[in-house]
Structure formats: C-alpha cells, structure tokens
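Asks: File name my_file_9.cif; file contents mmCIF, C-alpha atoms; full text below.
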```cif
data_data
loop_
_atom_site.label_atom_id
_atom_site.label_comp_id
_atom_site.auth_asym_id
_atom_site.auth_seq_id
_atom_site.Cartn_x
_atom_site.Cartn_y
_atom_site.Cartn_z
CA MET T 5 98.86 125.19 104.39
CA PRO T 6 99.68 121.44 104.58
CA VAL T 7 96.63 119.21 104.08
CA VAL T 8 97.38 117.29 107.28
CA SER T 9 96.72 120.40 109.35
CA ILE T 10 93.33 121.29 107.85
CA GLY T 11 91.38 118.02 108.07
CA LEU T 12 90.06 115.75 105.34
CA LYS T 13 86.77 117.43 104.43
CA PRO T 14 88.24 120.94 104.01
CA ALA T 15 91.24 119.40 102.23
CA LEU T 16 88.99 117.60 99.75
CA GLU T 17 87.02 120.80 99.17
CA ARG T 18 90.25 122.70 98.53
CA MET T 19 91.45 119.90 96.25
CA ALA T 20 88.23 120.03 94.23
CA LYS T 21 88.72 123.76 93.64
CA ASP T 22 92.40 123.36 92.78
CA VAL T 23 91.70 120.56 90.29
CA ASP T 24 88.92 122.59 88.64
CA ILE T 25 91.35 125.50 88.26
CA LEU T 26 93.90 123.19 86.63
CA PHE T 27 91.35 121.80 84.17
CA ASP T 28 90.29 125.36 83.35
CA THR T 29 93.91 126.47 82.88
CA TRP T 30 95.00 123.53 80.74
CA LEU T 31 91.85 123.38 78.59
CA PRO T 32 90.99 126.86 77.23
CA VAL T 33 88.40 126.48 74.46
CA PRO T 34 89.96 127.40 71.10
CA ASP T 35 88.21 129.51 68.49
CA ASP T 36 88.16 126.79 65.84
CA SER T 37 86.51 123.48 65.00
CA ARG T 38 88.14 121.73 67.99
CA ALA T 39 85.93 123.74 70.35
CA LYS T 40 83.45 120.91 71.01
CA LEU T 41 86.28 118.56 71.94
CA TYR T 42 87.64 120.98 74.52
CA GLU T 43 84.14 121.66 75.83
CA ALA T 44 83.58 117.92 76.28
CA MET T 45 86.89 117.53 78.14
CA ARG T 46 86.00 120.44 80.41
CA TYR T 47 82.48 119.09 80.93
CA ALA T 48 83.88 115.76 82.12
CA GLY T 49 86.66 117.22 84.24
CA ILE T 50 85.30 120.32 85.93
CA GLY T 51 82.86 120.36 88.82
CA GLY T 52 82.60 116.75 89.87
CA GLY T 53 84.18 113.80 91.61
CA LYS T 54 85.72 113.24 95.01
CA ARG T 55 89.24 114.11 93.76
CA LEU T 56 90.49 111.32 95.99
CA ARG T 57 93.38 110.36 93.71
CA PRO T 58 95.06 113.78 93.62
CA MET T 59 94.36 114.01 97.35
CA LEU T 60 96.27 110.75 97.81
CA VAL T 61 99.24 112.06 95.84
CA VAL T 62 99.38 115.27 97.87
CA ALA T 63 98.87 113.52 101.21
CA ALA T 64 101.57 110.94 100.49
CA SER T 65 103.90 113.65 99.19
CA GLU T 66 103.70 115.45 102.53
CA VAL T 67 105.19 112.37 104.19
CA PHE T 68 108.36 112.96 102.16
CA ASN T 69 108.29 116.78 102.06
CA VAL T 70 107.67 116.86 98.30
CA ASP T 71 106.85 120.30 96.89
CA ARG T 72 103.07 120.75 96.81
CA ASP T 73 103.03 122.20 93.29
CA SER T 74 104.82 119.11 91.98
CA ALA T 75 102.45 116.86 93.92
CA MET T 76 99.43 118.74 92.56
CA ARG T 77 100.59 118.37 88.99
CA ALA T 78 101.18 114.63 89.43
CA GLY T 79 97.78 114.37 91.12
CA PHE T 80 96.16 116.28 88.28
CA ALA T 81 97.74 113.90 85.77
CA VAL T 82 96.23 110.86 87.48
CA GLU T 83 92.86 112.64 87.68
CA CYS T 84 93.02 113.14 83.90
CA ILE T 85 93.50 109.38 83.53
CA HIS T 86 90.62 108.71 85.92
CA VAL T 87 88.25 111.07 84.09
CA TYR T 88 89.20 109.60 80.71
CA SER T 89 88.46 106.12 82.04
CA LEU T 90 85.00 107.21 83.25
CA ILE T 91 84.14 108.76 79.87
CA HIS T 92 85.03 105.54 78.08
CA ASP T 93 83.51 103.30 80.76
CA ASP T 94 80.15 105.06 80.29
CA LEU T 95 80.05 104.49 76.52
CA PRO T 96 77.35 102.20 75.05
CA CYS T 97 80.03 99.68 74.03
CA MET T 98 81.09 99.32 77.66
CA ASP T 99 78.82 100.01 80.68
CA ASP T 100 76.29 102.10 78.70
CA ASP T 101 75.52 104.65 81.42
CA ASP T 102 73.43 107.78 80.97
CA MET T 103 74.37 109.59 84.19
CA ARG T 104 77.69 110.33 85.87
CA ARG T 105 78.28 112.66 88.82
CA GLY T 106 74.64 113.75 88.72
CA LYS T 107 74.61 114.91 85.09
CA PRO T 108 74.36 113.29 81.64
CA THR T 109 77.43 111.34 80.61
CA VAL T 110 79.69 112.86 77.96
CA HIS T 111 78.35 110.80 75.06
CA LYS T 112 74.81 111.81 76.04
CA GLN T 113 75.65 115.50 76.41
CA PHE T 114 77.67 115.59 73.19
CA ASP T 115 77.97 112.43 71.04
CA GLU T 116 79.87 109.13 71.07
CA ALA T 117 82.68 110.21 68.74
CA THR T 118 83.34 113.35 70.78
CA ALA T 119 83.33 111.30 73.98
CA VAL T 120 85.91 108.87 72.58
CA LEU T 121 88.17 111.73 71.50
CA ALA T 122 87.71 113.57 74.82
CA GLY T 123 88.86 110.47 76.68
CA ASP T 124 91.78 109.93 74.31
CA CYS T 125 92.93 113.53 74.72
CA LEU T 126 92.69 113.45 78.52
CA LEU T 127 94.89 110.35 78.45
CA ALA T 128 97.44 112.22 76.35
CA LEU T 129 97.18 115.31 78.55
CA ALA T 130 98.21 113.29 81.62
CA PHE T 131 101.58 112.47 80.08
CA GLU T 132 102.04 115.98 78.74
CA ILE T 133 101.68 117.23 82.32
CA LEU T 134 104.14 114.70 83.76
CA GLY T 135 106.66 115.41 81.01
CA ASP T 136 106.56 119.15 81.64
CA GLU T 137 109.67 120.48 83.37
CA ALA T 138 107.44 122.45 85.74
CA THR T 139 106.24 119.15 87.25
CA HIS T 140 109.74 118.25 88.43
CA SER T 141 113.19 119.62 87.61
CA ASP T 142 114.76 116.14 87.47
CA PRO T 143 114.19 114.52 84.04
CA PHE T 144 114.76 111.06 85.52
CA VAL T 145 111.94 111.66 88.00
CA ARG T 146 109.65 112.80 85.19
CA ALA T 147 110.52 109.71 83.15
CA GLU T 148 109.86 107.40 86.10
CA LEU T 149 106.53 109.11 86.78
CA MET T 150 105.44 108.63 83.16
CA ALA T 151 106.51 104.98 83.12
CA ALA T 152 104.70 104.27 86.38
CA LEU T 153 101.48 105.95 85.22
CA ALA T 154 101.62 104.14 81.87
CA GLN T 155 101.91 100.79 83.64
CA ALA T 156 99.10 101.64 86.08
CA SER T 157 96.83 102.74 83.22
CA GLY T 158 97.49 100.04 80.65
CA PRO T 159 96.88 96.30 80.21
CA ALA T 160 98.83 95.46 83.38
CA GLY T 161 96.71 97.96 85.32
CA MET T 162 93.41 99.78 84.90
CA GLY T 163 92.88 98.89 81.24
CA GLY T 164 93.44 95.21 81.90
CA GLY T 165 91.04 95.35 84.82
CA GLN T 166 88.39 96.97 82.64
CA MET T 167 88.77 94.15 80.10
CA MET T 168 88.37 91.58 82.86
CA ASP T 169 85.29 93.47 84.04
CA LEU T 170 83.73 93.28 80.57
CA GLU T 171 84.47 89.56 80.41
CA ALA T 172 82.87 89.10 83.85
CA GLU T 173 79.47 89.55 82.19
CA HIS T 174 80.01 86.27 80.32
CA ARG T 175 81.60 84.09 82.98
CA GLN T 176 81.23 83.44 86.69
CA LEU T 177 84.16 84.73 88.74
CA ASP T 178 85.19 83.51 92.17
CA LEU T 179 86.50 85.73 94.96
CA PRO T 180 90.21 85.53 93.99
CA ALA T 181 89.32 86.47 90.39
CA VAL T 182 87.18 89.43 91.48
CA THR T 183 89.96 90.54 93.82
CA ARG T 184 92.53 90.43 91.01
CA LEU T 185 90.15 92.29 88.66
CA GLN T 186 89.61 95.10 91.14
CA ARG T 187 93.29 95.33 92.07
CA LEU T 188 93.88 96.19 88.45
CA LYS T 189 90.77 98.22 87.58
CA THR T 190 90.60 100.33 90.77
CA GLY T 191 93.76 99.61 92.73
CA ALA T 192 96.41 100.24 90.09
CA LEU T 193 95.76 103.99 89.79
CA MET T 194 95.60 104.33 93.57
CA GLY T 195 98.89 102.49 93.73
CA PHE T 196 100.37 105.04 91.34
CA CYS T 197 99.29 107.86 93.66
CA LEU T 198 101.50 106.50 96.43
CA GLU T 199 104.25 105.50 94.00
CA ALA T 200 104.33 109.04 92.56
CA ALA T 201 105.02 110.50 95.99
CA CYS T 202 107.84 107.99 96.52
CA ILE T 203 109.33 108.77 93.10
CA MET T 204 109.27 112.53 93.69
CA GLY T 205 110.61 112.02 97.20
CA HIS T 206 113.55 109.92 95.85
CA ILE T 207 112.49 106.94 97.98
CA PRO T 208 114.22 103.76 96.71
CA PRO T 209 111.89 100.92 95.62
CA GLU T 210 112.90 98.67 98.52
CA ASN T 211 111.64 101.32 100.97
CA ARG T 212 108.19 101.66 99.34
CA THR T 213 106.75 98.40 100.71
CA HIS T 214 104.57 99.92 103.43
CA LEU T 215 102.97 102.49 101.14
CA ARG T 216 102.40 99.87 98.45
CA GLY T 217 100.63 97.73 101.03
CA TYR T 218 98.55 100.71 102.11
CA ALA T 219 97.54 101.40 98.49
CA ARG T 220 96.69 97.75 97.83
CA ASP T 221 94.38 97.47 100.85
CA LEU T 222 92.88 100.92 100.31
CA GLY T 223 92.01 100.11 96.69
CA LEU T 224 90.15 96.94 97.64
CA ALA T 225 88.33 98.63 100.53
CA PHE T 226 87.30 101.47 98.21
CA GLN T 227 85.93 98.99 95.66
CA ILE T 228 83.97 97.04 98.25
CA ALA T 229 82.43 100.35 99.34
CA ASP T 230 81.51 100.99 95.69
CA ASP T 231 79.91 97.54 95.47
CA LEU T 232 77.91 98.26 98.63
CA LEU T 233 76.76 101.60 97.23
CA ASP T 234 75.62 99.83 94.05
CA VAL T 235 73.37 97.68 96.25
CA GLU T 236 72.33 100.12 98.97
CA GLY T 237 73.05 103.57 97.54
CA ASP T 238 70.62 106.31 96.56
CA GLU T 239 70.97 107.46 92.94
CA ALA T 240 70.21 111.04 94.01
CA VAL T 241 73.28 110.92 96.25
CA THR T 242 75.62 108.73 94.21
CA GLY T 243 74.91 110.69 91.02
CA LYS T 244 74.85 107.52 88.91
CA ARG T 245 72.70 104.47 88.30
CA VAL T 246 72.73 101.86 91.07
CA GLY T 247 71.96 98.16 90.87
CA LYS T 248 73.68 97.81 87.49
CA ASP T 249 76.07 95.03 88.58
CA ALA T 250 73.20 92.80 89.63
CA GLU T 251 71.36 93.58 86.38
CA ALA T 252 74.43 92.57 84.39
CA GLY T 253 74.90 89.42 86.47
CA LYS T 254 78.43 90.41 87.47
CA ALA T 255 80.14 88.83 90.43
CA THR T 256 81.12 91.46 93.01
CA PHE T 257 82.43 91.40 96.55
CA VAL T 258 78.85 91.87 97.76
CA SER T 259 77.34 89.15 95.58
CA LEU T 260 80.04 86.70 96.69
CA LEU T 261 80.30 87.63 100.36
CA GLY T 262 76.92 89.14 101.19
CA VAL T 263 76.40 92.65 102.51
CA GLU T 264 77.54 92.13 106.09
CA ARG T 265 80.64 90.08 105.31
CA ALA T 266 81.60 92.54 102.58
CA ARG T 267 81.27 95.43 105.04
CA GLN T 268 83.41 93.54 107.58
CA GLN T 269 86.02 92.80 104.90
CA ALA T 270 86.17 96.47 103.93
CA GLN T 271 86.73 97.47 107.57
CA MET T 272 89.46 94.86 107.94
CA LEU T 273 91.20 96.19 104.83
CA VAL T 274 91.03 99.76 106.15
CA ASP T 275 92.54 98.62 109.45
CA GLN T 276 95.32 96.87 107.53
CA ALA T 277 95.94 99.93 105.38
CA ILE T 278 96.30 102.10 108.46
CA ASP T 279 98.60 99.54 110.08
CA HIS T 280 100.94 99.81 107.09
CA LEU T 281 101.53 103.41 108.22
CA ARG T 282 102.59 102.47 111.74
CA ASP T 283 106.18 103.61 111.21
CA TYR T 284 105.04 107.12 110.25
CA GLY T 285 103.94 109.90 112.58
CA GLU T 286 101.38 112.66 112.22
CA GLU T 287 102.69 113.46 108.74
CA ALA T 288 100.68 110.40 107.59
CA ASP T 289 97.46 111.36 109.38
CA MET T 290 95.81 112.47 106.14
CA LEU T 291 96.49 109.06 104.60
CA ARG T 292 94.87 107.46 107.62
CA ALA T 293 91.85 109.75 107.28
CA ILE T 294 91.53 108.89 103.57
CA ALA T 295 91.50 105.19 104.42
CA ARG T 296 88.63 105.69 106.87
CA PHE T 297 86.77 107.90 104.40
CA SER T 298 86.99 105.25 101.69
CA ILE T 299 84.30 103.14 103.37
CA GLU T 300 82.31 105.90 105.10
CA ARG T 301 81.44 107.88 101.95
CA THR T 302 77.95 108.02 100.44
CA HIS T 303 79.00 108.50 96.81
#
```
Go ahead and express the file in the form of structure tokens.
Replies:
Amino acid sequence: MPVVSIGLKPALERMAKDVDILFDTWLPVPDDSRAKLYEAMRYAGIGGGKRLRPMLVVAASEVFNVDRDSAMRAGFAVECIHVYSLIHDDLPCMDDDDMRRGKPTVHKQFDEATAVLAGDCLLALAFEILGDEATHSDPFVRAELMAALAQASGPAGMGGGQMMDLEAEHRQLDLPAVTRLQRLKTGALMGFCLEAACIMGHIPPENRTHLRGYARDLGLAFQIADDLLDVEGDEAVTGKRVGKDAEAGKATFVSLLGVERARQQAQMLVDQAIDHLRDYGEEADMLRAIARFSIERTH
C-alpha cells in the first residue's frame, strides 16, 4: 500500500518495522570472533529512531512512481549512514554522550573500539547496499546513488558539518555560520533522500530544483526543532541528554534567535518547504506531512 494513502504515523510505524527487518537480514551474527561487532551494529540499528530519512526516500519516490523495494533499499542505505554518524557522534572524543534513543550508547554498552568499528562498518554497508544490483537494475543509477551519498556524507556534507560543530565549541558563530553548519551536518543527508528519488526516477538535474528547495528548508526546520528540544525537551521522551549545547557554549538557532523567534523561523521554513511542492498533487502529500511533523515532534 502506498505510504500516501495510509497517513504519516502508520507509515512511520511500518517504516520502523521494515528498517528493523532489513538490519536483521543484513546483519546476521556470525559464529566467530566478529560476533561482538555485528551485535554492536544491530544494537545501534534495530529498535530505535524516527526512520525519517528512509521515510523521505520512499515518500519522494512515490512522486515519481519509483519501485518501493528500490526506494526502501536506498532509504536503508541512508539510515545506515545516519546510525553510523550517531555512534561516532556519541563517542568521548566527540559529543561524549551516555544515552541515545533511551538506552546506553554503543561505546557504553560495548567499548570504544567496537563502537568505532561498528560505525565504520555501517558506513561501508550503505555503499554495499547501493551497489547491489537488487537496488536498481541500471548500473548508472547505482553509480549516481553512490556518488550522491558519498558527497552528502563526506567533508562537503555531514562529515564537514560535524567538524564545524566540533570547532563551534572554541569559537563564536553567527547566524549565517550556524545555518551553513546545519545545512551540512543535518541537511545534506536529507537532501540525498530527495536526490535519491530523483535519480531512481530518472529526473534530470535541472528538474530537481523544487525538491532540493524542499529538502534544504526541511533540514533547517528539523534542526531548529532539535535545538528547541535541547532547551525545552524532556530526557525521558527524547531518549538523550538535553541542555548539552548550552553546557558546551555552542551557538545554536535558539541561542542566537531566542525560543520564540526560533519557533517562528522553523514554521516559516516548513511553510516554504511545502510551497516548493506546489506543482505536485496528492502524490506529494506525505512529503507535506513530513514537513509538518519535523517541528511538531517531541523527540
């Protein structure tokens, strides 16, 4: 059943189950000394998260009638990248967090070396999935997917944003700098989700402008919501430590704009994201619902 026809909450619940099944299928625990590594990868991947990124890939793919199995595999690949980034982000050398998704972080549950390797292997798994012929029959599509995900994950995308975030602890950033940081750290992977649908749907680059604009505004709105949750959220609901940005002295949208202006900015960005979809009909309703959800969520 198409996700547009079943509503966002049931679609996210279905997505969570489907992603868990994929992690379980791709990561059987071997009967050798690699077992702990696989267990750590499964621990990080199964049973947690909003699964918003694979949901974005599937929802955008419906706009272009892309096969759902292909969309799911591309969505699963980006979720592997996302989970790897969380494992590494939680390490003592980075954000030094003890809790993630309501349970101990991977380096706390296992050890730091295992956590590093688990993240590394999830990164590799993402490209193994995209390179698999079962993801798409066209090798040029598979190659473009891998190139796009590499760019979104690396120094020109998420990785670069994470470096800027680390540096933000030692220097005062203004609003344009924070915006650029978050467009890389959070927005780049979301941008890939829309780009993946366009690639699989054989949409030429010049016709991807509206969806790129949607992804850009959605990513910033999502991050502002995260910043608000770090100030106002309940740890029992968010499943992770709150107030850490203020403790670290980092500039955020909330620290620079204040709570009310930040909330207004997030709403404006959601409205803009939805407006980018004005040329699409009901086939884009799930994308519109995801945009609204991005600032209404509690975790």
Asks: Could you spell out the hits of the PyMOL selection byres ((chain T and resi 82) around 12) on the shown file, as number ranges by chain?
Replies: T: 23, 49, 55-62, 75-81, 83-89, 126-134, 149-150, 152-154, 156-157, 162, 192-200
Asks: Excluding region 257-264 of chain T and residues on its chain fewer than 5 positions from it, collect all residues at most 8 Å away from it, counting all atoms listed in the file, and give them as a ChimeraX atom specification.
Replies: /T:178-179,182,228,231-232
Asks: May I ask which of the residues T:Met45, T:Asp169, T:Lys254, T:Arg146 is the closest one to Cys125 (chain T), counting only C-alpha atoms?
Replies: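 Answer, going by the shortest atom-to-atom distance: T:Met45.
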Asks: Name the residues that the PyMOL selection byres ((chain T and resi 28) around 12) pulls out of this structure, and write them as JSON, numbers by chain.
Replies: {"T": [21, 22, 23, 24, 25, 26, 27, 29, 30, 31, 32, 33, 42, 43, 45, 46, 47, 48, 49, 50, 51, 80]}
Asks: What residues come out when you apply the PyMOL selection byres ((chain T and resi 186) around 9) to this file, written as a PDB file with C-alpha atoms, keeping the file's coordinate frame?
Replies:
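Listing of selection-v7.pdb after writing:
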```pdb
ATOM      1  CA  MET T 162      93.410  99.780  84.900  1.00  0.00           C
ATOM      2  CA  GLY T 165      91.040  95.350  84.820  1.00  0.00           C
ATOM      3  CA  GLN T 166      88.390  96.970  82.640  1.00  0.00           C
ATOM      4  CA  ASP T 169      85.290  93.470  84.040  1.00  0.00           C
ATOM      5  CA  ALA T 181      89.320  86.470  90.390  1.00  0.00           C
ATOM      6  CA  VAL T 182      87.180  89.430  91.480  1.00  0.00           C
ATOM      7  CA  THR T 183      89.960  90.540  93.820  1.00  0.00           C
ATOM      8  CA  ARG T 184      92.530  90.430  91.010  1.00  0.00           C
ATOM      9  CA  LEU T 185      90.150  92.290  88.660  1.00  0.00           C
ATOM     10  CA  ARG T 187      93.290  95.330  92.070  1.00  0.00           C
ATOM     11  CA  LEU T 188      93.880  96.190  88.450  1.00  0.00           C
ATOM     12  CA  LYS T 189      90.770  98.220  87.580  1.00  0.00           C
ATOM     13  CA  THR T 190      90.600 100.330  90.770  1.00  0.00           C
ATOM     14  CA  GLY T 191      93.760  99.610  92.730  1.00  0.00           C
ATOM     15  CA  ALA T 192      96.410 100.240  90.090  1.00  0.00           C
ATOM     16  CA  GLY T 223      92.010 100.110  96.690  1.00  0.00           C
ATOM     17  CA  LEU T 224      90.150  96.940  97.640  1.00  0.00           C
ATOM     18  CA  GLN T 227      85.930  98.990  95.660  1.00  0.00           C
TER      19      GLN T 227
END
```
Asks: First collect every listed atom of region 79-85 of chain T; then fit an axis-aligned box around them, widen it by 5 Å on each side, and give centre and edge lengths in Å to one decimal, as lines of an AutoDock Vina configuration file.
Replies:
```
center_x = 95.3
center_y = 112.8
center_z = 87.3
size_x = 14.9
size_y = 16.9
size_z = 17.6
```
Asks: Please report the interatomic distance between CA of Ser37 (chain T) and CA of Glu116 (chain T) in Å with one decimal.
Replies: 16.9 Å
Asks: Please identify all polymer residues within 9 Å of Ala288 (chain T), counting only C-alpha atoms, omitting same-chain residues fewer than 6 positions from it, and present them as a list in words.
Replies: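 Near neighbours after the sequence-gap exclusion: Val8, Ala63, Ala64, Glu66, Val67 and Leu281 of chain T.
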Asks: In Å to one decimal, how far is CA of Asp100 (chain T) from CA of Ala225 (chain T)?
Replies: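 Going from CA of Ala225 (chain T) over to CA of Asp100 (chain T), I get 25.2 Å.
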Asks: Compare T:Ala270, T:Glu137, T:Gly158, T:Leu215 by their minimum atom-to-atom distance to Phe297 (chain T), counting only C-alpha atoms, and give me the closest one.
Replies: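 Closest residue, counting only C-alpha atoms: T:Ala270.
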Asks: Which value, in Å to one decimal, gives the distance between CA of Arg212 (chain T) and CA of Arg301 (chain T)?
Replies: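 CA of Arg301 (chain T) lies 27.6 Å from CA of Arg212 (chain T).
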Asks: I need the residue nearest Pro143 (chain T) from this list: T:Leu90, T:Ala20, T:Leu222, T:Met204. Use all atoms listed in the file for the distance.
Replies: T:Met204
Asks: From the list T:Leu291, T:Ala15, T:Ala138, T:Ala229, which residue is nearest Thr256 (chain T) when using all atoms listed in the file?
Replies: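 Closest to Thr256 (chain T) of all the choices is T:Ala229.
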Asks: Taking all atoms listed in the file into account, name the residue in T:Ala293, T:Ala219, T:Ala201, T:Ile278 that is nearest to His140 (chain T).
Replies: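 Using all atoms listed in the file, His140 (chain T) sits closest to T:Ala201.
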Asks: Kindly indicate which residue among T:Pro209, T:Pro6, T:Gly217, T:Gly164 lies nearest to Arg72 (chain T), using all atoms listed in the file for the distances.
Replies: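 The answer is T:Pro6, which sits nearest to Arg72 (chain T).
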